[in-house]
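Visitor: Before anything else, here's the structure in question.
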Amino acid sequence: MVEPLFTSLSSDADPIVFVWYDAFNPEHEDGVSSQRNAIRLEKAAVLFNLGAICSQIGASCDRTTALGRHLVMESFKVAANFFSNLRKVFAKRVVSATLDLTVLFAEFLHHLFSAQASELELQLQLNKNDASYAFQQHRCALAFSSVYKLYDRAYGLIPPDSAARKHVYSFDQTWVTHLYQKVTFFQAEARQRQSSILPESE
């Protein structure tokens, strides 16, 4: 509803210009910024910031307590939802000079935080003994497989894209490696647990 207002203002002698600096590496010497007189850029920036704030809340919680783990899990879920909305609603329509507001990075962050939230749910599930052994094994196998798929989707978005890979490596060269380790670990666990519950052939 506010877009027509800003559209009319943008035709004035002094239009309102929204500026967004690269959230991943704003001070890098090769960093760029987006400057547009379009409210869509500001909306996309707000969604990104909300997702980032929720992720920081989750990262700062104490995971040694039950309440802390619950807060981390819920914060990551909310962050994933914000990045999902960014991808679906704004990233496709916003022309940004920075990679962080693109569909690729919005989708990557959505899968990444979904995976982390699911990993925490899995840890809670492993600590529960409220079901039969066979059912518990089956449920854990499915959970490991689900977490693996989420991490794999996130990992599959960055390395194949040369610009995205270069961008990530410019501020943290260990990020992709750590993500790959997550993928291989949960894939191996999912396969091992799935094979352990399969009936033995006679």
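Ligands are numbered from 1 in the order shown, residues from 1 within each chain, and chains are lettered A, B, ... in the order they appear in the structure tokens.
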Write out, as CSV, each residue of stretch 113-147 of chain A that has an atom at most 12 Å from stretch 46-69 of chain A, together with the closest pair of atoms and their distance in Å to one decimal, counting only C-alpha atoms, rows going by chain and rising number.
Guide:
```
residue,atom,partner,partner_atom,distance
A:Phe113,CA,A:Ser55,CA,7.8
A:Ser114,CA,A:Ser55,CA,10.9
A:Gln116,CA,A:Gly58,CA,10.2
A:Ala117,CA,A:Gly58,CA,9.6
A:Ser118,CA,A:Arg69,CA,11.8
A:Glu119,CA,A:Arg69,CA,10.9
A:Leu120,CA,A:Arg69,CA,7.3
A:Glu121,CA,A:Arg69,CA,9.1
A:Leu122,CA,A:Arg69,CA,11.6
A:Gln123,CA,A:Arg69,CA,9.6
A:Leu124,CA,A:Arg69,CA,8.8
A:Asn127,CA,A:Ala66,CA,11.3
```
Visitor: Could you name the residues that touch stretch 189-192 of chain A at 7 Å or less, counting only C-alpha atoms, but leaving out those on the same chain fewer than 3 positions away, as a list in words?
Guide: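 Contacts, in chain order: Ala141, Phe144, Ser145, Phe185, Phe186, Ser195 and Ser196 of chain A.
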Visitor: Rank A:Leu150, A:Val19, A:Met73, A:Ala79 by their smallest atom-to-atom distance to A:His111, using only C-alpha atoms, and report the top residue only.
Guide: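 Result for the nearest residue to A:His111: A:Leu150.
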Visitor: Quick one: pick out all helix (DSSP H, G or I) residues within stretch 48-154 of chain A from a backbone DSSP run and write them as a VMD selection string.
Guide: chain A and resid 48 to 60 66 to 91 99 to 101 103 to 126 133 to 154
Visitor: Between A:Arg193, A:Val168, A:Val183, A:Leu109, single out the one closest to A:Cys140, counting only C-alpha atoms.
Guide: A:Arg193
Visitor: Tell me, in Å to one decimal, how far atom CA of A:Phe90 is from atom CA of A:Val176.
Guide: 25.8 Å
Visitor: Return the single residue from A:Thr174, A:Asp152, A:Val147, A:His138 that is closest to A:Gln194, with distances computed using only C-alpha atoms.
Guide: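 Using only C-alpha atoms, A:Gln194 sits closest to A:His138.
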Visitor: Which polymer residues have any atom within 8 Å of an atom of stretch 157-159 of chain A, counting only C-alpha atoms, with same-chain residues fewer than 6 positions away left out, as a short mmCIF file (atom, residue, chain, number, x, y, z; two decimals) with N, CA and C atoms, in the first residue's frame?
Guide:
```
data_model
loop_
_atom_site.label_atom_id
_atom_site.label_comp_id
_atom_site.auth_asym_id
_atom_site.auth_seq_id
_atom_site.Cartn_x
_atom_site.Cartn_y
_atom_site.Cartn_z
N LEU A 104 19.42 -16.62 -4.80
CA LEU A 104 20.37 -17.67 -4.43
C LEU A 104 20.71 -17.64 -2.94
N PHE A 108 19.63 -20.09 0.10
CA PHE A 108 20.70 -20.72 0.86
C PHE A 108 20.50 -20.53 2.36
N ARG A 165 30.54 -18.43 -4.61
CA ARG A 165 31.67 -19.09 -3.94
C ARG A 165 32.78 -18.08 -3.63
N VAL A 176 32.18 -23.01 3.86
CA VAL A 176 31.74 -24.05 2.95
C VAL A 176 32.28 -25.41 3.38
#
```
Visitor: Restricting the calculation to only C-alpha atoms, which member of A:Ser170, A:Ser146, A:Ser84, A:Ser75 is positioned closest to A:Ala44?
Guide: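 Of all the options, A:Ser84 lies closest to A:Ala44.
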Visitor: In Å, with one decimal, what is the gap from atom CA of A:Glu42 to atom CA of A:Ile16?
Guide: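 Here the two named atoms are 11.0 Å from each other.
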Visitor: Name the closest residue to A:Gln125 among the candidates A:Arg153, A:Lys77, A:Leu142, A:Asp161; distances are taken between atoms, counting only C-alpha atoms.
Guide: A:Leu142
Visitor: Select, from A:Ala188, A:Tyr151, A:Asp100, A:Phe83, the residue with the minimum atom-to-atom distance to A:Tyr21, counting only C-alpha atoms.
Guide: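 The answer is A:Asp100, which sits nearest to A:Tyr21.
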